[in-house]
Each structure stands twice: as C-alpha cells, then as structure tokens.
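Containing mmCIF, C-alpha atoms and all ligand atoms: my_file-v7.cif.
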```
data_model
loop_
_atom_site.label_atom_id
_atom_site.label_comp_id
_atom_site.auth_asym_id
_atom_site.auth_seq_id
_atom_site.Cartn_x
_atom_site.Cartn_y
_atom_site.Cartn_z
CA MET X 1 113.45 -96.11 -74.21
CA SER X 2 110.16 -94.28 -73.83
CA ILE X 3 106.92 -96.13 -73.21
CA ASP X 4 103.61 -94.52 -74.13
CA ALA X 5 100.50 -95.00 -72.00
CA PHE X 6 98.82 -98.35 -72.62
CA THR X 7 96.23 -100.84 -71.41
CA TYR X 8 97.20 -104.50 -71.06
CA SER X 9 94.32 -106.94 -70.74
CA PRO X 10 95.52 -110.53 -71.21
CA ASN X 11 93.18 -113.46 -71.80
CA ALA X 12 93.87 -116.12 -69.20
CA ALA X 13 94.30 -119.61 -70.60
CA ARG X 14 96.44 -122.45 -69.36
CA ILE X 15 98.97 -123.55 -71.99
CA VAL X 16 100.46 -127.03 -72.13
CA PHE X 17 103.11 -127.16 -74.82
CA GLY X 18 105.42 -129.81 -76.21
CA TYR X 19 105.80 -133.15 -77.95
CA GLY X 20 103.66 -135.73 -76.17
CA SER X 21 101.48 -133.14 -74.42
CA LEU X 22 98.35 -134.70 -75.95
CA SER X 23 98.76 -137.52 -73.44
CA ARG X 24 98.05 -135.00 -70.66
CA ILE X 25 94.46 -134.44 -71.80
CA GLY X 26 93.05 -136.55 -68.94
CA GLU X 27 94.69 -134.54 -66.17
CA GLU X 28 93.73 -131.26 -67.87
CA ILE X 29 90.08 -132.33 -68.03
CA GLN X 30 90.22 -133.29 -64.35
CA ARG X 31 91.81 -129.99 -63.44
CA LEU X 32 88.77 -128.26 -64.96
CA GLY X 33 86.45 -130.50 -62.95
CA CYS X 34 84.95 -132.08 -66.09
CA LYS X 35 83.61 -135.64 -65.97
CA ARG X 36 82.00 -136.00 -69.44
CA VAL X 37 83.47 -134.08 -72.37
CA LEU X 38 82.28 -134.04 -75.95
CA VAL X 39 85.19 -134.40 -78.38
CA LEU X 40 85.01 -132.43 -81.64
CA SER X 41 86.83 -132.87 -84.95
CA THR X 42 86.30 -132.46 -88.68
CA PRO X 43 85.06 -135.56 -90.58
CA GLY X 44 88.53 -135.96 -92.10
CA HIS X 45 90.26 -136.13 -88.72
CA LEU X 46 87.89 -138.38 -86.84
CA GLN X 47 90.90 -140.52 -85.91
CA HIS X 48 92.25 -137.63 -83.78
CA ALA X 49 88.96 -137.40 -81.90
CA GLU X 50 88.88 -141.17 -81.44
CA ARG X 51 92.38 -141.11 -80.00
CA VAL X 52 91.38 -138.43 -77.49
CA ALA X 53 88.16 -140.26 -76.57
CA GLU X 54 90.09 -143.49 -76.09
CA THR X 55 92.60 -141.76 -73.81
CA LEU X 56 89.77 -140.22 -71.78
CA GLY X 57 87.72 -143.43 -71.48
CA ALA X 58 84.58 -142.79 -69.39
CA ALA X 59 85.40 -139.07 -69.22
CA ALA X 60 84.44 -138.76 -72.91
CA SER X 61 80.68 -138.39 -73.42
CA GLY X 62 80.92 -138.82 -77.18
CA ILE X 63 82.40 -137.59 -80.45
CA PHE X 64 80.99 -135.03 -82.87
CA ASP X 65 83.00 -135.06 -86.10
CA GLY X 66 80.94 -132.57 -88.10
CA ALA X 67 83.14 -129.46 -87.88
CA VAL X 68 83.38 -127.53 -91.17
CA MET X 69 84.85 -124.18 -92.20
CA HIS X 70 83.19 -120.99 -90.88
CA VAL X 71 80.75 -122.71 -88.46
CA PRO X 72 77.42 -122.90 -90.34
CA ILE X 73 74.55 -122.37 -87.91
CA GLU X 74 73.14 -125.83 -88.76
CA THR X 75 76.40 -127.43 -87.63
CA ALA X 76 76.43 -125.36 -84.45
CA LEU X 77 72.85 -126.40 -83.66
CA ALA X 78 73.62 -130.07 -84.27
CA ALA X 79 76.75 -129.92 -82.08
CA ARG X 80 74.90 -128.16 -79.27
CA ALA X 81 72.16 -130.79 -79.46
CA GLU X 82 74.78 -133.53 -79.20
CA ALA X 83 76.39 -131.81 -76.21
CA ARG X 84 73.00 -131.64 -74.48
CA ARG X 85 72.06 -135.21 -75.44
CA THR X 86 75.27 -136.61 -74.00
CA HIS X 87 75.13 -134.35 -70.90
CA ALA X 88 78.57 -133.00 -71.73
CA ASP X 89 80.14 -130.78 -69.08
CA GLY X 90 83.10 -129.77 -71.24
CA ILE X 91 84.32 -129.68 -74.84
CA VAL X 92 87.59 -130.88 -76.33
CA ALA X 93 88.26 -129.50 -79.81
CA ILE X 94 91.04 -131.22 -81.72
CA GLY X 95 91.72 -129.66 -85.12
CA GLY X 96 92.22 -126.33 -86.86
CA GLY X 97 90.29 -123.08 -86.58
CA SER X 98 87.11 -124.71 -87.90
CA THR X 99 86.97 -127.19 -85.03
CA THR X 100 87.89 -124.61 -82.40
CA GLY X 101 85.21 -122.36 -83.90
CA LEU X 102 82.58 -125.07 -83.44
CA ALA X 103 83.58 -125.49 -79.79
CA LYS X 104 83.13 -121.74 -79.33
CA ALA X 105 79.67 -121.90 -80.90
CA ILE X 106 78.70 -124.51 -78.30
CA ALA X 107 80.20 -122.53 -75.40
CA LEU X 108 78.30 -119.47 -76.53
CA GLU X 109 75.06 -121.20 -75.50
CA LEU X 110 76.04 -123.85 -72.97
CA PRO X 111 78.15 -123.51 -69.79
CA VAL X 112 80.98 -125.79 -70.99
CA PRO X 113 84.70 -125.04 -70.67
CA ILE X 114 86.78 -125.70 -73.80
CA VAL X 115 90.08 -127.51 -74.07
CA ALA X 116 91.53 -126.73 -77.50
CA ILE X 117 94.12 -128.93 -79.18
CA PRO X 118 95.15 -127.02 -82.32
CA THR X 119 96.52 -128.85 -85.34
CA THR X 120 97.06 -125.76 -87.54
CA TYR X 121 98.60 -122.34 -86.90
CA ALA X 122 95.32 -120.36 -87.21
CA GLY X 123 95.36 -119.13 -83.59
CA SER X 124 91.63 -119.17 -82.83
CA GLU X 125 92.31 -121.07 -79.60
CA MET X 126 93.84 -117.92 -78.06
CA THR X 127 90.96 -115.56 -78.76
CA PRO X 128 87.50 -114.82 -77.36
CA ILE X 129 86.33 -114.21 -80.95
CA TYR X 130 83.61 -116.46 -82.35
CA GLY X 131 81.99 -116.65 -85.77
CA LEU X 132 78.74 -118.14 -87.03
CA THR X 133 77.59 -118.36 -90.65
CA GLU X 134 73.90 -117.97 -91.34
CA GLY X 135 72.14 -117.23 -94.61
CA GLY X 136 75.46 -116.92 -96.43
CA SER X 137 76.99 -114.30 -94.14
CA LYS X 138 79.34 -114.77 -91.21
CA ARG X 139 78.78 -112.77 -88.07
CA THR X 140 81.59 -112.51 -85.57
CA GLY X 141 81.68 -111.31 -82.00
CA ARG X 142 83.82 -111.20 -78.87
CA GLU X 143 82.64 -113.12 -75.83
CA PRO X 144 84.96 -114.05 -72.94
CA LYS X 145 83.10 -117.30 -72.21
CA VAL X 146 84.14 -118.83 -75.55
CA LEU X 147 87.86 -118.45 -74.79
CA PRO X 148 89.34 -121.93 -74.23
CA LYS X 149 90.34 -122.56 -70.61
CA CYS X 150 93.22 -124.77 -71.62
CA VAL X 151 95.21 -125.18 -74.84
CA ILE X 152 97.32 -128.24 -75.51
CA TYR X 153 99.92 -127.63 -78.20
CA ASP X 154 101.43 -130.93 -79.31
CA PRO X 155 103.65 -130.39 -82.38
CA ALA X 156 103.39 -134.12 -83.21
CA LEU X 157 99.82 -133.44 -84.40
CA THR X 158 101.07 -131.01 -87.05
CA HIS X 159 103.50 -133.33 -88.82
CA GLU X 160 100.83 -134.45 -91.30
CA LEU X 161 99.77 -130.90 -92.16
CA PRO X 162 100.75 -130.73 -95.86
CA ILE X 163 103.52 -128.23 -96.57
CA PRO X 164 101.45 -125.85 -98.77
CA LEU X 165 98.80 -125.71 -96.03
CA SER X 166 101.48 -125.40 -93.34
CA ILE X 167 102.97 -122.36 -95.09
CA ALA X 168 99.56 -120.78 -95.70
CA SER X 169 98.55 -121.38 -92.08
CA ALA X 170 101.90 -119.98 -90.89
CA MET X 171 101.19 -116.84 -92.95
CA ASN X 172 97.78 -116.69 -91.26
CA ALA X 173 99.58 -116.64 -87.89
CA ILE X 174 102.15 -114.06 -89.02
CA ALA X 175 99.26 -111.87 -90.21
CA HIS X 176 97.89 -111.62 -86.65
CA ALA X 177 101.25 -110.46 -85.35
CA ALA X 178 101.96 -108.13 -88.27
CA GLU X 179 98.65 -106.31 -87.93
CA GLY X 180 99.03 -106.39 -84.14
CA LEU X 181 102.22 -104.37 -84.53
CA TYR X 182 100.29 -101.44 -85.99
CA ALA X 183 97.04 -101.85 -84.02
CA ALA X 184 95.89 -98.71 -82.23
CA ASP X 185 95.31 -100.69 -79.01
CA ARG X 186 98.63 -102.57 -79.00
CA ASN X 187 100.94 -102.42 -75.99
CA PRO X 188 104.63 -103.18 -75.31
CA VAL X 189 103.84 -106.81 -74.44
CA THR X 190 101.86 -107.52 -77.61
CA ASP X 191 104.73 -105.93 -79.58
CA LEU X 192 107.18 -108.35 -77.95
CA LEU X 193 104.93 -111.34 -78.56
CA ALA X 194 104.30 -110.33 -82.16
CA GLU X 195 107.94 -109.92 -83.11
CA ALA X 196 108.96 -113.13 -81.34
CA GLY X 197 106.08 -115.00 -82.98
CA ILE X 198 107.03 -113.87 -86.49
CA ARG X 199 110.68 -114.68 -85.84
CA ALA X 200 109.91 -118.21 -84.60
CA ILE X 201 107.74 -119.00 -87.61
CA ALA X 202 109.85 -117.29 -90.28
CA SER X 203 113.02 -119.04 -89.19
CA ALA X 204 111.24 -122.42 -89.10
CA ILE X 205 109.59 -122.26 -92.54
CA PRO X 206 112.67 -123.06 -94.65
CA LYS X 207 113.49 -126.01 -92.35
CA LEU X 208 109.92 -127.25 -92.65
CA VAL X 209 110.04 -127.08 -96.43
CA ALA X 210 113.29 -129.07 -96.40
CA ASP X 211 111.84 -131.66 -94.02
CA PRO X 212 108.12 -131.63 -93.08
CA HIS X 213 108.95 -133.85 -90.09
CA ASP X 214 111.66 -131.59 -88.66
CA ARG X 215 110.71 -131.66 -84.96
CA ASP X 216 112.33 -128.36 -84.07
CA ALA X 217 110.74 -126.57 -87.01
CA ARG X 218 107.27 -127.99 -86.23
CA SER X 219 107.72 -127.00 -82.60
CA ASP X 220 108.87 -123.47 -83.49
CA CYS X 221 105.93 -122.96 -85.85
CA LEU X 222 103.40 -124.01 -83.24
CA TYR X 223 105.13 -121.90 -80.59
CA GLY X 224 105.04 -118.93 -82.98
CA ALA X 225 101.38 -119.63 -83.71
CA TRP X 226 100.65 -119.46 -79.99
CA LEU X 227 102.39 -116.09 -79.66
CA CYS X 228 100.70 -114.68 -82.77
CA GLY X 229 97.29 -116.01 -81.67
CA THR X 230 97.81 -114.35 -78.29
CA VAL X 231 98.30 -111.03 -80.07
CA LEU X 232 95.13 -111.61 -82.12
CA GLY X 233 93.22 -112.19 -78.88
CA MET X 234 94.36 -108.91 -77.35
CA VAL X 235 94.31 -106.24 -80.07
CA GLY X 236 92.20 -105.18 -83.03
CA MET X 237 93.10 -106.09 -86.60
CA GLY X 238 93.11 -103.85 -89.73
CA LEU X 239 92.93 -103.92 -93.52
CA HIS X 240 94.49 -107.32 -94.03
CA HIS X 241 92.06 -109.23 -91.79
CA LYS X 242 89.16 -107.23 -93.16
CA LEU X 243 90.13 -108.19 -96.72
CA CYS X 244 90.54 -111.87 -95.82
CA HIS X 245 87.21 -111.93 -94.01
CA THR X 246 85.45 -110.17 -96.88
CA LEU X 247 86.97 -112.22 -99.70
CA GLY X 248 86.59 -115.48 -97.81
CA GLY X 249 82.95 -114.80 -97.01
CA ALA X 250 81.84 -113.33 -100.35
CA PHE X 251 83.72 -115.66 -102.71
CA GLY X 252 84.25 -118.80 -100.62
CA LEU X 253 88.06 -118.59 -100.74
CA PRO X 254 90.02 -120.91 -98.41
CA HIS X 255 90.96 -119.11 -95.18
CA ALA X 256 94.67 -119.80 -94.69
CA GLU X 257 95.59 -119.49 -98.37
CA THR X 258 93.77 -116.16 -98.63
CA HIS X 259 95.93 -114.86 -95.79
CA GLY X 260 99.05 -116.13 -97.53
CA CYS X 261 98.22 -114.43 -100.85
CA LEU X 262 97.14 -111.10 -99.39
CA LEU X 263 99.51 -110.41 -96.50
CA PRO X 264 102.53 -109.00 -98.41
CA HIS X 265 100.21 -106.69 -100.35
CA ALA X 266 98.22 -105.47 -97.34
CA LEU X 267 101.50 -104.69 -95.55
CA ALA X 268 102.80 -102.84 -98.62
CA TYR X 269 99.61 -100.77 -98.61
CA ASN X 270 100.11 -99.80 -94.96
CA ALA X 271 103.92 -99.56 -94.95
CA SER X 272 104.25 -95.78 -95.26
CA CYS X 273 101.87 -95.23 -92.31
CA ALA X 274 103.29 -97.95 -90.03
CA THR X 275 107.05 -97.60 -90.27
CA SER X 276 107.90 -98.88 -86.81
CA ALA X 277 105.75 -102.01 -87.34
CA MET X 278 107.51 -102.62 -90.67
CA THR X 279 110.90 -102.32 -88.96
CA SER X 280 109.88 -104.94 -86.36
CA ILE X 281 108.49 -107.31 -88.98
CA ALA X 282 111.56 -106.99 -91.22
CA ARG X 283 113.85 -107.56 -88.21
CA ALA X 284 111.87 -110.68 -87.28
CA LEU X 285 112.05 -111.96 -90.86
CA GLY X 286 115.76 -111.16 -91.09
CA ARG X 287 115.12 -109.39 -94.39
CA PRO X 288 115.39 -105.73 -95.44
CA SER X 289 111.69 -105.15 -96.20
CA ALA X 290 108.58 -106.50 -94.45
CA PRO X 291 106.22 -106.76 -97.48
CA ALA X 292 108.88 -107.93 -99.96
CA GLY X 293 110.45 -110.18 -97.31
CA LEU X 294 107.16 -111.99 -96.67
CA TYR X 295 106.49 -112.32 -100.39
CA GLU X 296 109.95 -113.81 -100.93
CA LEU X 297 109.58 -116.17 -97.96
CA ALA X 298 106.27 -117.43 -99.38
CA ALA X 299 107.65 -117.70 -102.93
CA GLU X 300 110.80 -119.55 -101.81
CA SER X 301 108.57 -121.99 -99.89
CA GLY X 302 106.46 -122.79 -102.93
CA ALA X 303 103.33 -121.26 -101.35
CA THR X 304 100.39 -120.16 -103.48
CA LEU X 305 100.89 -116.47 -104.22
CA ALA X 306 97.94 -115.53 -106.43
CA LEU X 307 94.29 -115.13 -105.43
CA ARG X 308 93.39 -116.31 -108.94
CA ASP X 309 94.91 -119.68 -108.07
CA ILE X 310 92.63 -120.14 -105.07
CA GLY X 311 89.37 -119.29 -106.77
CA LEU X 312 88.99 -115.50 -107.16
CA ARG X 313 87.86 -114.61 -110.70
CA GLU X 314 89.07 -111.41 -112.35
CA ASP X 315 85.49 -110.19 -112.81
CA GLN X 316 85.03 -110.37 -109.00
CA ILE X 317 87.79 -107.84 -108.26
CA ASP X 318 85.54 -104.76 -108.42
CA ARG X 319 83.05 -106.30 -106.02
CA ALA X 320 85.94 -107.23 -103.70
CA VAL X 321 87.11 -103.58 -103.71
CA HIS X 322 83.57 -102.39 -103.06
CA LEU X 323 83.15 -104.76 -100.10
CA ALA X 324 86.56 -103.81 -98.66
CA ILE X 325 85.57 -100.18 -98.31
CA ALA X 326 81.84 -100.59 -97.70
CA SER X 327 82.13 -100.26 -93.91
CA PRO X 328 84.86 -98.29 -92.10
CA TYR X 329 87.35 -99.93 -89.72
CA PRO X 330 90.59 -98.86 -88.06
CA ASN X 331 93.68 -99.00 -90.28
CA PRO X 332 96.92 -97.02 -90.22
CA ARG X 333 96.44 -95.80 -93.80
CA PRO X 334 93.07 -94.42 -94.90
CA LEU X 335 91.21 -96.62 -97.36
CA GLU X 336 91.54 -95.29 -100.90
CA ARG X 337 89.55 -97.02 -103.62
CA ALA X 338 92.14 -96.77 -106.43
CA ALA X 339 95.05 -97.91 -104.23
CA LEU X 340 92.97 -100.76 -102.80
CA ARG X 341 92.09 -101.86 -106.30
CA ARG X 342 95.79 -101.93 -107.22
CA LEU X 343 96.47 -104.01 -104.09
CA ILE X 344 93.80 -106.58 -104.95
CA VAL X 345 94.76 -106.75 -108.64
CA ASN X 346 98.36 -107.35 -107.63
CA ALA X 347 97.43 -110.06 -105.13
CA TRP X 348 95.09 -111.61 -107.67
CA ALA X 349 97.97 -111.94 -110.13
CA GLY X 350 100.49 -112.97 -107.44
CA GLU X 351 102.94 -110.22 -108.41
CA ARG X 352 105.54 -108.76 -106.05
CA PRO X 353 103.99 -106.26 -103.60
CA LEU X 354 104.00 -102.65 -104.78
CA ASP X 355 106.48 -100.26 -103.13
P1 LIG C 1 90.58 -125.67 -90.80
O1 LIG C 1 90.38 -125.94 -89.37
O2 LIG C 1 89.38 -125.75 -91.68
O3 LIG C 1 91.74 -126.58 -91.34
C1 LIG C 1 92.18 -126.43 -92.70
C2 LIG C 1 92.37 -127.78 -93.34
O4 LIG C 1 93.46 -128.42 -92.72
C3 LIG C 1 91.20 -128.73 -93.22
O5 LIG C 1 91.02 -129.39 -94.44
C4 LIG C 1 91.65 -129.70 -92.13
O6 LIG C 1 91.06 -130.95 -92.29
C5 LIG C 1 93.12 -129.74 -92.37
N1 LIG C 1 93.95 -130.05 -91.20
C6 LIG C 1 93.87 -129.47 -89.99
N2 LIG C 1 94.83 -129.95 -89.19
C7 LIG C 1 95.52 -130.85 -89.89
C8 LIG C 1 96.65 -131.69 -89.61
N3 LIG C 1 97.28 -131.61 -88.45
N4 LIG C 1 97.09 -132.49 -90.57
C9 LIG C 1 96.50 -132.53 -91.79
N5 LIG C 1 95.44 -131.76 -92.13
C10 LIG C 1 94.95 -130.93 -91.19
O7 LIG C 1 91.17 -124.19 -91.08
P2 LIG C 1 92.15 -123.24 -90.27
O8 LIG C 1 92.91 -122.52 -91.32
O9 LIG C 1 92.87 -123.92 -89.18
O10 LIG C 1 91.13 -122.25 -89.58
C11 LIG C 1 90.28 -121.44 -90.37
C12 LIG C 1 88.97 -121.15 -89.66
O11 LIG C 1 89.24 -120.65 -88.37
C13 LIG C 1 88.18 -120.07 -90.39
O12 LIG C 1 86.80 -120.34 -90.26
C14 LIG C 1 88.56 -118.81 -89.63
O13 LIG C 1 87.59 -117.81 -89.76
C15 LIG C 1 88.68 -119.35 -88.23
N6 LIG C 1 89.59 -118.57 -87.37
C16 LIG C 1 89.04 -117.96 -86.30
C17 LIG C 1 89.84 -117.23 -85.45
C18 LIG C 1 89.24 -116.60 -84.23
O14 LIG C 1 89.94 -115.96 -83.47
N7 LIG C 1 87.96 -116.77 -84.01
C19 LIG C 1 91.22 -117.12 -85.69
C20 LIG C 1 91.75 -117.75 -86.80
C21 LIG C 1 90.93 -118.49 -87.65
#
```
Starting from the file, give its structure as structure tokens.
Amino acid sequence: MSIDAFTYSPNAARIVFGYGSLSRIGEEIQRLGCKRVLVLSTPGHLQHAERVAETLGAAASGIFDGAVMHVPIETALAARAEARRTHADGIVAIGGGSTTGLAKAIALELPVPIVAIPTTYAGSEMTPIYGLTEGGSKRTGREPKVLPKCVIYDPALTHELPIPLSIASAMNAIAHAAEGLYAADRNPVTDLLAEAGIRAIASAIPKLVADPHDRDARSDCLYGAWLCGTVLGMVGMGLHHKLCHTLGGAFGLPHAETHGCLLPHALAYNASCATSAMTSIARALGRPSAPAGLYELAAESGATLALRDIGLREDQIDRAVHLAIASPYPNPRPLERAALRRLIVNAWAGERPLD
C-alpha cells in the first residue's frame, strides 16, 4: 500500500441515526442550547413539520412550510422574516435537499444552528454548500456556518418516498461518491466513505424495488446517503455535477432524476482518465463496469433513463453542450465539445453509455 500526500478536513456534525431517531429531536435541540426553533418543510410535507413542532412543544417557535426547489430568493427572504418574527434561535429542516437548502439560506444571514432531518438521499445536510436562485440563475457558495450542527437520519421518514424518486435520489447520492473518487482533492478517507456509500445503496436498491417498506433496505440507503453526502461536503465535484447543475438551472429539469439519467454517461466520458475510481465503483456495485453497471442497476429498477422523459427537448441539446463547456472546471478528462455532445445525446435518448 502506498499513500500519497493528502489533506483531510472533515466537517463536524453530530449524526443521530436509526429507526425512531426522530423522537430524539427535543434532546438534540437542548444540546444545542436552543429554546425556540423554527421548523421548515415543503407545503406537501407540512405534516412532518407539525409532528416535529408537536414533539417540541414550547421549544418550537413556529412552522414555515414554504420550501421549494432551488431556494428562490423570495422564499429565503420570507423564511428569514419568519425566523426573525418568531425570535427563532435555531432551525429544524425536515425534508429533502430543498428544505435543507432553505435552512441554509436562513443560516447564511442569521446566527441560527440547523438541525437537518433528511427525507431523501440528496446529501445536502452534510455539506457547507448553499444555493440561492435569483433572476433565473442559481448562485452557489461554500460557507461553514450553513453546515447543519446535527443531522437526524430516521429511515422511517423515507418509507413514503415513491420508488422512482427513491432510485433517482439514490443515484444523486451515488453521484457524489463516484465523482469524489476521482476528485483532485480526495483523500484515503473520502475514498473509503465513497466506496462504502455506493455499496450500501447499490445493494439496497433491488430490495427496495421488491418492497418499498423493507426496513433494512431503507436503512442502508439512508446510511449510504450519509456517507456519500459526507464525501460531497469534503471534495470538489466534476463534469457530472456541472452538467446536472447546468441542465437543471437552464431547463428546469428535476434535480434527482437529472442525476439518475446523466450519471452512467458522465462516468463513461471520464472512465479512461479515472481508471482507479472506476475500479472502486464497479467493485462497490458488484458489476464488471462502473458506467454500464450503474445504467443496468437503474434500468433493472425501472428508473427514468432518458433526459427527454424528464423535460429536455432535442432542440435544447446544443445549448446544453454550450453551457457545459462555457466555464472551465476540474475534471479528469478534458472537456471536448464533440464528445460532450455525444454524451448528452445519448443521455437524452436513454441509450446505454458509450464505451
Ligand atoms: P426535494 O427536497 O425537492 O424533494 C424532492 C421531492 O420529494 C419533493 O416533491 C418532495 O416533496 C418529495 N419528498 C421528499 N421527501 C419525501 C418523503 N420522505 N416521502 C415522499 N416524498 C418526499 O429534492 P431533493 O432531490 O431532495 O434535493 C434537491 C435540491 O437539493 C436541489 O435544489 C439541489 O440543488 C439541492 N442539493 C443541494 C446540495 C448541497 O450540498 N447544497 C446537495 C444535494 C442537493
């Protein structure tokens, strides 16, 4: 074994994991010294926020159920105003990446610790990355103060996540780990986390498809999502995340599904320049090839494979290619217009990834 020089800079968050862990929200709030927390959710999952507020009693200052995808600035302003109005000294975000993102937008401006209770596999709860959408474009940044202080992972909350969305969200998590395995700033620990995260999720997906209420499979997926999110929080991402960000922002494609459609193709693009990452991913999947293995896993699970099925029109492909290479970013393989176009065309049609 030979270890190259590296820097390891973990993000400190307390993790409370397991079935029933939601009931520990009160003690976790107390541990942070909070007396009045604002509880956030999306409009569709107000019942989750109400359950948390009920458990907290007087320690809940109110509920804001206005979280929506990509944190529009108007939503962030309204949520901050509600936090101020209710004199909140902490935030509890129960939901997917959209709800966690709203909590981060509040913590960017106000001195409030966040407790995140994720209900998808997106992984935002483990990162100091925030995003805000203004005037049609999303700006992202890294800011340590938006990193949740505590994350409660209760797999029971994920049982109602529909299977197609579960698979897409699981692919979103795997994407963090896969790109983490070829990130220039990765280290031996992120490599371990990434491979273990992919393995946990990949082995759980078939069980989840067979039975959406399989407790072990739900638990393994959320555990894998934690590991993959931890990788996302520590290292830089490449082509795949850039493509998802660009296509999601420019064409309004749904976040998790975009990851699911693109990941096998982005990995195929990078495969020849990231052989050791591909070996780790394939080993974690238990399949001979990383790109083909992920494509097959998604196809066998009935996941959406084609960008055209989630809203990308064929006449938008050229603009997508243009946006993908408009600004440079780190990636193991240099960005080549013709090859990128082939990648996007293939993902648009939902074909097998190119060799
Ligand atoms: P989301 O939070 O919008 O959730 C997707 C859908 O799933 C929504 O319709 C939601 O109502 C539903 N849902 C969530 N939990 C559910 C449950 N348990 N049961 C049934 N339905 C449920 O989307 P997401 O995919 O979780 O997150 C995407 C957002 O997060 C994007 O804005 C993305 O940019 C951001 N994100 C940020 C980071 C980061 O590090 N900052 C990381 C990953 C994702």
Box in all listed atoms of region 324-341 of chain X, axis-aligned, with 5 Å more on each side; write out centre and edge lengths in Å to one decimal as lines of an AutoDock Vina configuration file.
```
center_x = 89.4
center_y = -99.1
center_z = -97.2
size_x = 25.1
size_y = 19.4
size_z = 28.4
```
*Work out how far CA of Ser203 (chain X) is from CA of Ala256 (chain X), in Å to one decimal.*
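Computing it gives 19.2 Å between the two atoms.
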*Residues at most 6 Å from ligand LIG 1 (chain C), using only C-alpha atoms and all ligand atoms? Could they come as a list in words?*
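If we count only C-alpha atoms and all ligand atoms, the neighbours of ligand LIG 1 (chain C) turn out to be Gly44, Met69, His70, Gly95, Gly96, Gly97, Ser98, Thr99, Thr119, Thr120, Ala122, Gly123, Ser124, Thr127, Ile129, Tyr130, Leu157, Thr158, Glu160, Leu161, Ser169, His255 and Ala256 of chain X.
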*Answer as a list of chain:residue names, residues within 10 Å of (78.4, -127.7, -79.0) using only C-alpha atoms*: X:Leu38, X:Val39, X:Leu40, X:Phe64, X:Thr75, X:Ala76, X:Leu77, X:Ala78, X:Ala79, X:Arg80, X:Ala81, X:Glu82, X:Ala83, X:Arg84, X:Ala88, X:Gly90, X:Ile91, X:Gly101, X:Leu102, X:Ala103, X:Lys104, X:Ala105, X:Ile106, X:Ala107, X:Leu108, X:Glu109, X:Leu110, X:Val112
Closest atom pairs, residues of region 209-241 of chain X within 12 Å of region 186-202 of chain X, only C-alpha atoms, as CSV:
```
residue,atom,partner,partner_atom,distance
X:Val209,CA,X:Ala202,CA,11.6
X:Asp216,CA,X:Ala200,CA,10.4
X:Ala217,CA,X:Ile201,CA,8.2
X:Arg218,CA,X:Ile201,CA,9.1
X:Ser219,CA,X:Ala200,CA,9.3
X:Asp220,CA,X:Ala200,CA,5.5
X:Cys221,CA,X:Ile201,CA,4.7
X:Leu222,CA,X:Ile201,CA,7.9
X:Tyr223,CA,X:Ala200,CA,7.2
X:Gly224,CA,X:Gly197,CA,4.1
X:Ala225,CA,X:Gly197,CA,6.6
X:Trp226,CA,X:Gly197,CA,7.6
X:Leu227,CA,X:Gly197,CA,5.1
X:Cys228,CA,X:Gly197,CA,5.4
X:Gly229,CA,X:Gly197,CA,8.9
X:Thr230,CA,X:Leu193,CA,7.7
X:Val231,CA,X:Thr190,CA,5.6
X:Leu232,CA,X:Thr190,CA,9.1
X:Gly233,CA,X:Thr190,CA,9.9
X:Met234,CA,X:Thr190,CA,7.6
X:Val235,CA,X:Arg186,CA,5.8
X:Gly236,CA,X:Arg186,CA,8.0
X:Met237,CA,X:Arg186,CA,10.0
```
*Between CA of Ser301 (chain X) and CA of Ile281 (chain X), what is the spacing in Å?*
18.3 Å
*Hey, can you check how far CA of Asp89 (chain X) sits from CA of Ser61 (chain X)?*
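Spanning CA of Asp89 (chain X) to CA of Ser61 (chain X) is a straight-line distance of 8.8 Å.
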*X:Ile310, X:Leu147, X:Leu323, X:Ala183 ranked by distance to His245 (chain X), top pick (using all atoms listed in the file)*: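 Closest residue, counting all atoms listed in the file: X:Leu323.
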*Which neighbours of region 30-33 of chain X fall inside 8 Å, counting only C-alpha atoms, when residues of the same chain fewer than 3 positions from it are skipped, and could you give them as a list in words?*
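Residues meeting the cut-off are Gly26, Glu27 and Pro113 of chain X.
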*asked:* Taking all atoms listed in the file into account, name the residue in X:Tyr269, X:Tyr153, X:Tyr329, X:Trp348 that is nearest to Phe17 (chain X).
replied: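 Nearest candidate to Phe17 (chain X) out of X:Tyr269, X:Tyr153, X:Tyr329, X:Trp348: X:Tyr153.
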*asked:* Using only C-alpha atoms, can you tell me which of X:Met171, X:Ala177, X:Leu340, X:Leu22 comes closest to Pro264 (chain X)?
replied: X:Met171
*asked:* With distances taken over all atoms listed in the file, which residue among X:Ala326, X:Leu247, X:Ala292, X:Ala347 lies nearest Met278 (chain X)?
replied: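 Residue with the minimum atom-to-atom distance to Met278 (chain X): X:Ala292.
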_Which residue of X:Gly136, X:Gly293, X:Pro43, X:Gly248 approaches Thr279 (chain X) most closely, using only C-alpha atoms_ =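 Of X:Gly136, X:Gly293, X:Pro43, X:Gly248, the one nearest Thr279 (chain X) is X:Gly293, counting only C-alpha atoms.
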*asked:* Counting all atoms listed in the file, which residue out of X:Leu335, X:Thr246, X:Ser272, X:Thr86 sits closest to Arg319 (chain X)?
replied: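 With all atoms listed in the file as the atom set, the closest residue is X:Thr246.
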*Mind checking which residues fall within 9 Å of Ala53 (chain X), counting all atoms listed in the file, ignoring those fewer than 4 positions away in the same chain, and posting them as a list of chain:residue names?*
X:Val37, X:Leu38, X:Val39, X:His48, X:Ala49, X:Gly57, X:Ala58, X:Ala59, X:Ala60, X:Ser61, X:Gly62, X:Ile63
Write the residues you've just listed into a file as a PDB file, in the frame of the given file, and include C-alpha atoms for each of them.
```
ATOM      1  CA  VAL X  37      83.470-134.080 -72.370  1.00  0.00           C
ATOM      2  CA  LEU X  38      82.280-134.040 -75.950  1.00  0.00           C
ATOM      3  CA  VAL X  39      85.190-134.400 -78.380  1.00  0.00           C
ATOM      4  CA  HIS X  48      92.250-137.630 -83.780  1.00  0.00           C
ATOM      5  CA  ALA X  49      88.960-137.400 -81.900  1.00  0.00           C
ATOM      6  CA  GLY X  57      87.720-143.430 -71.480  1.00  0.00           C
ATOM      7  CA  ALA X  58      84.580-142.790 -69.390  1.00  0.00           C
ATOM      8  CA  ALA X  59      85.400-139.070 -69.220  1.00  0.00           C
ATOM      9  CA  ALA X  60      84.440-138.760 -72.910  1.00  0.00           C
ATOM     10  CA  SER X  61      80.680-138.390 -73.420  1.00  0.00           C
ATOM     11  CA  GLY X  62      80.920-138.820 -77.180  1.00  0.00           C
ATOM     12  CA  ILE X  63      82.400-137.590 -80.450  1.00  0.00           C
TER      13      ILE X  63
END
```
*Please identify all polymer residues within 10 Å of Tyr295 (chain X), counting only C-alpha atoms, omitting same-chain residues fewer than 4 positions from it, and present them as a list in words.*
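My reading of the contact set: Gly260, Cys261, Leu262, Leu263, Pro264, His265, Ser289, Ala290, Pro291, Ala299, Glu300, Ser301, Ala303, Leu305, Gly350, Glu351, Arg352 and Pro353 of chain X.
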